[in-house]
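Undergrad: My questions will all concern the structure given below.
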Amino acid sequence: MRTAELPGLPNTESKQLLAKLLQRINECTRAMDTCLTTSRGAKKTAENKVAAREEMDKKSACFDNYDVDKDGFLSRIETKKYARGEFNFDMSNEAVEAIFKVLVPEGKGVSKDKLQRLKVAIGVAREKVMDQNRKRAREAKEQRLAEMRNTVTEQLEEAEKLVTAADELVGKVEQGVALLPTNIQTLTSTEITGLADESENTIKEAREGGAKAKEALKELATGIDFDLKTWLEVNVRRPEGVVLRCEQRLSKIGVITAKLRDDARKKETEEMYTVEKEVLNMIRHHQHAKELSTEAVFSEFDANEDGKIDKAEFLAFFKTCEKKPKEDEAPAESAEDKKENGESKDDDEAAKKDKTTKQTSVEVTDTDLLRLFSSLDESEEGEGHISKDRFLNLLRVFMKVVQESVITSTIQIKDSKAERRLEIGEIVEVMKGPQKEETTELIRVHCKVVKDEIQGWITVAGNQGTVFLVEANNQFRVVKETILTESFELDRGGSKDATRKLKDTTRKLKEGEVVEVREWARKEPKSGLMRMKCKVLSDGESGWVTTVGNQGTVYMELIP
């Protein structure tokens, strides 16, 4: 700050005067601060005195309020009223006497100046009562916990018995699974199914036992005191572990049982395939013996003439149908005898093969017929009948062209019109025959070509031994993954609901799976795909499958 130049005074004197003024200002400031501090302290002291006086007045008023006789002392009765009114504490006579013994050993009561000491003494007496109450509560709780622990211990022992029983049941199941035959393939589907049923029943029993044990352990924690939870958790840890391991062991056994079921289904499919072949041979033998058309064969089945074959009609046919005569077993010839008779080694091998083929034929029982009827029943919701179309389709006979030939309009070769030349590999359906052509004595069959539905007569074999037709193998192998659907048309009209339903009812066919033809492939008009109805040999499911795509992609190949 620059020093102001005062009029009439030299610069030096102005500086000295200013310094004195600043000193006086600082002194005044300090004096003012001291005065303010002193005044605040005095105010605080005064306020404390007023508050203390008010507090003393309150205590004095409180004392006077309970000093009913106004003698300046609180008697024993007045002291008890004071404790009840101010602290909600009912003092016992013993507590009052103890306080009076300390505070007023010889006086007539508690004076006003000892009111604070009386307040403290009442607080001590109240704490003693509260300690006694807490002690009684603690002892009661300890007794209750001890009783609860005894009860839970008994329940835990019962639960552990259930756990032990469940563990033993699982052990029995494991022993039963371990005793299963190692070569399931030697058993029939019924035997395998019986083993699976037995395993599932024991698994169910073991699961129920485990569930009871688990539920019993769970109920132990219901309503338990918090102080016992840690103790309970430690004690149930072992039985809970046993139950968990039982569930894991049962899951592994369940996988084995599921595989048994799968093996049984595959075995049943194989058995039904063999039975079906044998039954079809029986029907065809009857048909040829009686020289019946397929329609006439159906009429012999359909005794009620209602256009379908029920279970009773199906069984009744095989009791009266023409049977193949049983060939008498000729005595076995030795190799020398065969040599003397001029039979070659190839003839011997052929005989062995023929013998093996005959040995593989099975005797069809009523049980087999009933199982076959159920598998052939494709009616909605298993109505228990075989439709006419289904039956006629079963009797269809297909042959494969193995040598280029010609299909003609009539059975006579001479003066007969050639419909077209047949290529090797084409499939034809036999409609009639075989019959012998009179002039050439060739065996001829009336057929319909699957490819273009042309009908005519074809020679089975020539006079020089050339074979033109052989019975077609009706089994195909999947060579490219595709899907099996319920209907011939893929889009079912193209609606969203139809597309969603198609996804729900399809089954993937993987490479290598084998199917049996039910209806030979024909072109689906909308997509241009060649579609065939078949039955999957692995699980017996039936449906439609694409054999050749519209771009020439091959999905199914005929097994040679």
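We name chains A, B, ... following the order of the structure tokens; residues begin at 1 in each chain, and ligands are numbered from 1 as shown.
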Excluding Lys212 in chain A and residues on its chain fewer than 6 positions from it, collect all residues at most 9 Å away from it, counting only C-alpha atoms, and give them as a list in words.
TA: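 Counting only C-alpha atoms, the residues come to Ala159, Leu162, Val163 and Ala166 of chain A.
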Undergrad: Residues within 7 Å of range 366-379 of chain A, please, as a list in words. Count only C-alpha atoms; anything in the same chain fewer than 5 positions from it doesn't count.
TA: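 Neighbouring residues, sequence-local ones excluded: Met272, Val275, Glu276, Lys311, Leu315, Gly384, His385 and Ile386 of chain A.
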Undergrad: Please indicate the distance in Å from CA of Arg396 in chain A to CA of Glu429 in chain A, rounded to one decimal place.
TA: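 Separation of CA of Arg396 in chain A and CA of Glu429 in chain A: 7.0 Å.
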Undergrad: If we count only C-alpha atoms and set the cut-off at 7 Å, which residues sit around Leu422 in chain A, ignoring sequence neighbours fewer than 6 positions away in its own chain? Please answer as an mmCIF file with C-alpha atoms, in the first residue's frame.
TA:
data_model
loop_
_atom_site.group_PDB
_atom_site.id
_atom_site.type_symbol
_atom_site.label_atom_id
_atom_site.label_comp_id
_atom_site.auth_asym_id
_atom_site.auth_seq_id
_atom_site.Cartn_x
_atom_site.Cartn_y
_atom_site.Cartn_z
ATOM 1 C CA GLU A 404 -31.212 -106.481 -72.116
ATOM 2 C CA SER A 405 -34.572 -107.762 -73.251
ATOM 3 C CA VAL A 406 -37.796 -106.727 -74.976
ATOM 4 C CA ILE A 407 -41.261 -106.297 -73.501
#
Undergrad: Determine, using only C-alpha atoms, which residues of range 108-148 of chain A have any atom at most 9 Å from an atom of range 74-77 of chain A, and tabulate each with its shortest atom pair and distance in Å to one decimal place, rows ordered by chain and then rising number, as a tab-separated table.
TA:
residue	atom	partner	partner_atom	distance
A:Lys108	CA	A:Ser75	CA	6.9
A:Gly109	CA	A:Ser75	CA	4.8
A:Val110	CA	A:Leu74	CA	4.9
A:Ser111	CA	A:Leu74	CA	6.5
A:Lys112	CA	A:Leu74	CA	8.1
Undergrad: Set the distance at 10 Å and use only C-alpha atoms: which residues neighbour Gly210 in chain A once local chain neighbours fewer than 4 positions away are removed? I'd like the list as an MDAnalysis selection string.
TA: chainID A and resid 162:167 169:170 204:206 214:216 242:244 246:247
Undergrad: Can you spit out the residues from that selection as a compact mmCIF listing (two decimals), in the first residue's frame, using N, CA and C atoms?
TA:
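Result written to selection-v4.txt:
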# COMPACT_ATOMS: atom_id res chain seq x y z
N LEU A 162 -32.93 -95.27 5.59
CA LEU A 162 -33.47 -95.20 4.23
C LEU A 162 -32.34 -95.06 3.21
N VAL A 163 -31.34 -94.26 3.55
CA VAL A 163 -30.18 -94.09 2.66
C VAL A 163 -29.45 -95.42 2.46
N THR A 164 -29.25 -96.13 3.56
CA THR A 164 -28.57 -97.44 3.46
C THR A 164 -29.37 -98.41 2.62
N ALA A 165 -30.70 -98.40 2.83
CA ALA A 165 -31.56 -99.30 2.04
C ALA A 165 -31.49 -98.95 0.56
N ALA A 166 -31.51 -97.64 0.25
CA ALA A 166 -31.41 -97.22 -1.15
C ALA A 166 -30.08 -97.63 -1.76
N ASP A 167 -29.01 -97.48 -0.98
CA ASP A 167 -27.68 -97.87 -1.46
C ASP A 167 -27.62 -99.37 -1.74
N LEU A 169 -30.21 -101.25 -2.54
CA LEU A 169 -31.02 -101.50 -3.73
C LEU A 169 -30.23 -101.21 -5.00
N VAL A 170 -29.49 -100.09 -4.99
CA VAL A 170 -28.67 -99.74 -6.16
C VAL A 170 -27.60 -100.81 -6.38
N LYS A 204 -36.58 -98.48 -10.86
CA LYS A 204 -37.68 -97.68 -10.33
C LYS A 204 -37.77 -97.83 -8.81
N GLU A 205 -37.63 -99.06 -8.34
CA GLU A 205 -37.67 -99.30 -6.89
C GLU A 205 -36.52 -98.59 -6.19
N ALA A 206 -35.33 -98.65 -6.80
CA ALA A 206 -34.17 -97.98 -6.21
C ALA A 206 -34.35 -96.47 -6.23
N LYS A 214 -33.94 -88.97 0.25
CA LYS A 214 -33.66 -87.56 -0.02
C LYS A 214 -34.70 -86.65 0.62
N GLU A 215 -35.97 -87.06 0.55
CA GLU A 215 -37.04 -86.27 1.14
C GLU A 215 -36.92 -86.26 2.66
N ALA A 216 -36.53 -87.41 3.24
CA ALA A 216 -36.36 -87.47 4.70
C ALA A 216 -35.24 -86.55 5.15
N VAL A 242 -24.14 -90.03 -0.22
CA VAL A 242 -24.52 -91.39 -0.62
C VAL A 242 -25.69 -91.35 -1.59
N VAL A 243 -26.70 -90.51 -1.28
CA VAL A 243 -27.88 -90.39 -2.15
C VAL A 243 -27.47 -89.86 -3.53
N LEU A 244 -26.58 -88.86 -3.54
CA LEU A 244 -26.13 -88.29 -4.81
C LEU A 244 -25.39 -89.35 -5.64
N CYS A 246 -25.83 -92.54 -5.47
CA CYS A 246 -26.83 -93.51 -5.92
C CYS A 246 -27.52 -93.02 -7.19
N GLU A 247 -27.86 -91.74 -7.23
CA GLU A 247 -28.50 -91.17 -8.42
C GLU A 247 -27.57 -91.27 -9.63
Undergrad: Taking only C-alpha atoms into account, which of A:Arg138, A:Arg284, A:Lys49, A:Lys432 comes nearest Cys321 in chain A?
TA: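 Looking only at the distances to Cys321 in chain A, the closest residue turns out to be A:Arg284.
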Undergrad: Which residues, written as a list in words, have at least one atom at most 10 Å from Asp67 in chain A, with only C-alpha atoms counted and residues fewer than 2 positions away on the same chain left out?
TA: Ala61, Cys62, Phe63, Asp64, Asn65, Asp69, Lys70, Asp71, Gly72, Phe73, Leu74, Ser75, Glu78, Thr79, Lys81, Tyr82, Val110, Ser111 and Lys112 of chain A
Undergrad: Create the file for the chosen residues now, containing N, CA and C atoms and written as a CSV table (one decimal), in the first residue's frame.
TA:
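So the final result, stored in result.csv, reads:
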chain,number,residue,atom,x,y,z
A,61,ALA,N,-38.6,-31.4,41.1
A,61,ALA,CA,-40.0,-31.6,40.9
A,61,ALA,C,-40.4,-33.1,40.9
A,62,CYS,N,-39.5,-33.9,40.3
A,62,CYS,CA,-39.7,-35.3,40.3
A,62,CYS,C,-39.7,-35.9,41.7
A,63,PHE,N,-38.7,-35.4,42.5
A,63,PHE,CA,-38.6,-35.9,43.8
A,63,PHE,C,-39.9,-35.5,44.6
A,64,ASP,N,-40.3,-34.2,44.4
A,64,ASP,CA,-41.5,-33.7,45.1
A,64,ASP,C,-42.7,-34.4,44.7
A,65,ASN,N,-42.7,-34.9,43.4
A,65,ASN,CA,-43.9,-35.6,42.9
A,65,ASN,C,-44.1,-36.9,43.6
A,69,ASP,N,-45.7,-37.5,51.2
A,69,ASP,CA,-46.0,-36.9,52.6
A,69,ASP,C,-45.2,-35.6,52.8
A,70,LYS,N,-44.4,-35.1,51.8
A,70,LYS,CA,-43.7,-33.9,51.8
A,70,LYS,C,-42.8,-33.7,53.0
A,71,ASP,N,-42.1,-34.8,53.4
A,71,ASP,CA,-41.2,-34.8,54.5
A,71,ASP,C,-39.8,-34.6,54.1
A,72,GLY,N,-39.5,-34.5,52.7
A,72,GLY,CA,-38.2,-34.3,52.2
A,72,GLY,C,-37.4,-35.6,52.0
A,73,PHE,N,-38.1,-36.7,52.2
A,73,PHE,CA,-37.5,-38.1,52.1
A,73,PHE,C,-38.4,-39.0,51.3
A,74,LEU,N,-37.8,-39.9,50.5
A,74,LEU,CA,-38.6,-40.9,49.9
A,74,LEU,C,-38.5,-42.2,50.7
A,75,SER,N,-39.7,-42.6,51.1
A,75,SER,CA,-39.8,-43.8,51.9
A,75,SER,C,-39.6,-45.0,51.0
A,78,GLU,N,-42.5,-45.1,48.6
A,78,GLU,CA,-42.4,-44.0,47.6
A,78,GLU,C,-41.2,-44.3,46.6
A,79,THR,N,-40.2,-45.0,47.1
A,79,THR,CA,-39.1,-45.4,46.3
A,79,THR,C,-39.5,-46.4,45.2
A,81,LYS,N,-42.6,-46.7,44.1
A,81,LYS,CA,-43.4,-46.0,43.1
A,81,LYS,C,-42.5,-45.2,42.1
A,82,TYR,N,-41.4,-44.6,42.6
A,82,TYR,CA,-40.5,-43.8,41.8
A,82,TYR,C,-39.9,-44.8,40.7
A,110,VAL,N,-34.7,-41.7,51.6
A,110,VAL,CA,-33.7,-41.1,50.6
A,110,VAL,C,-34.0,-39.7,50.5
A,111,SER,N,-33.0,-38.9,50.8
A,111,SER,CA,-33.1,-37.4,50.7
A,111,SER,C,-33.0,-37.0,49.2
A,112,LYS,N,-33.3,-35.7,49.0
A,112,LYS,CA,-33.3,-35.2,47.6
A,112,LYS,C,-31.9,-35.2,47.0
Undergrad: With only C-alpha atoms as the counted atoms, please give the residues lying no more than 9 Å from Glu313 in chain A, apart from itself and same-chain residues fewer than 4 positions off, as a PyMOL selection string.
TA: chain A and resi 301-304+309+317
Undergrad: If we count only C-alpha atoms, what is near Trp544 in chain A at a cut-off of 10 Å, once residues fewer than 5 positions away on the same chain are taken out, given as JSON, numbers by chain?
TA: {"A": [483, 484, 485, 486, 487, 488, 489, 490, 506, 517, 518, 519, 521, 531, 532, 533, 534, 535]}
Undergrad: Determine which residues of range 214-462 of chain A DSSP labels as alpha helix (DSSP H) from the backbone of this structure, then write them out as an MDAnalysis selection string.
TA: chainID A and resid 214:220 226:290 294:301 311:320 335:340 345:359 366:376 388:394
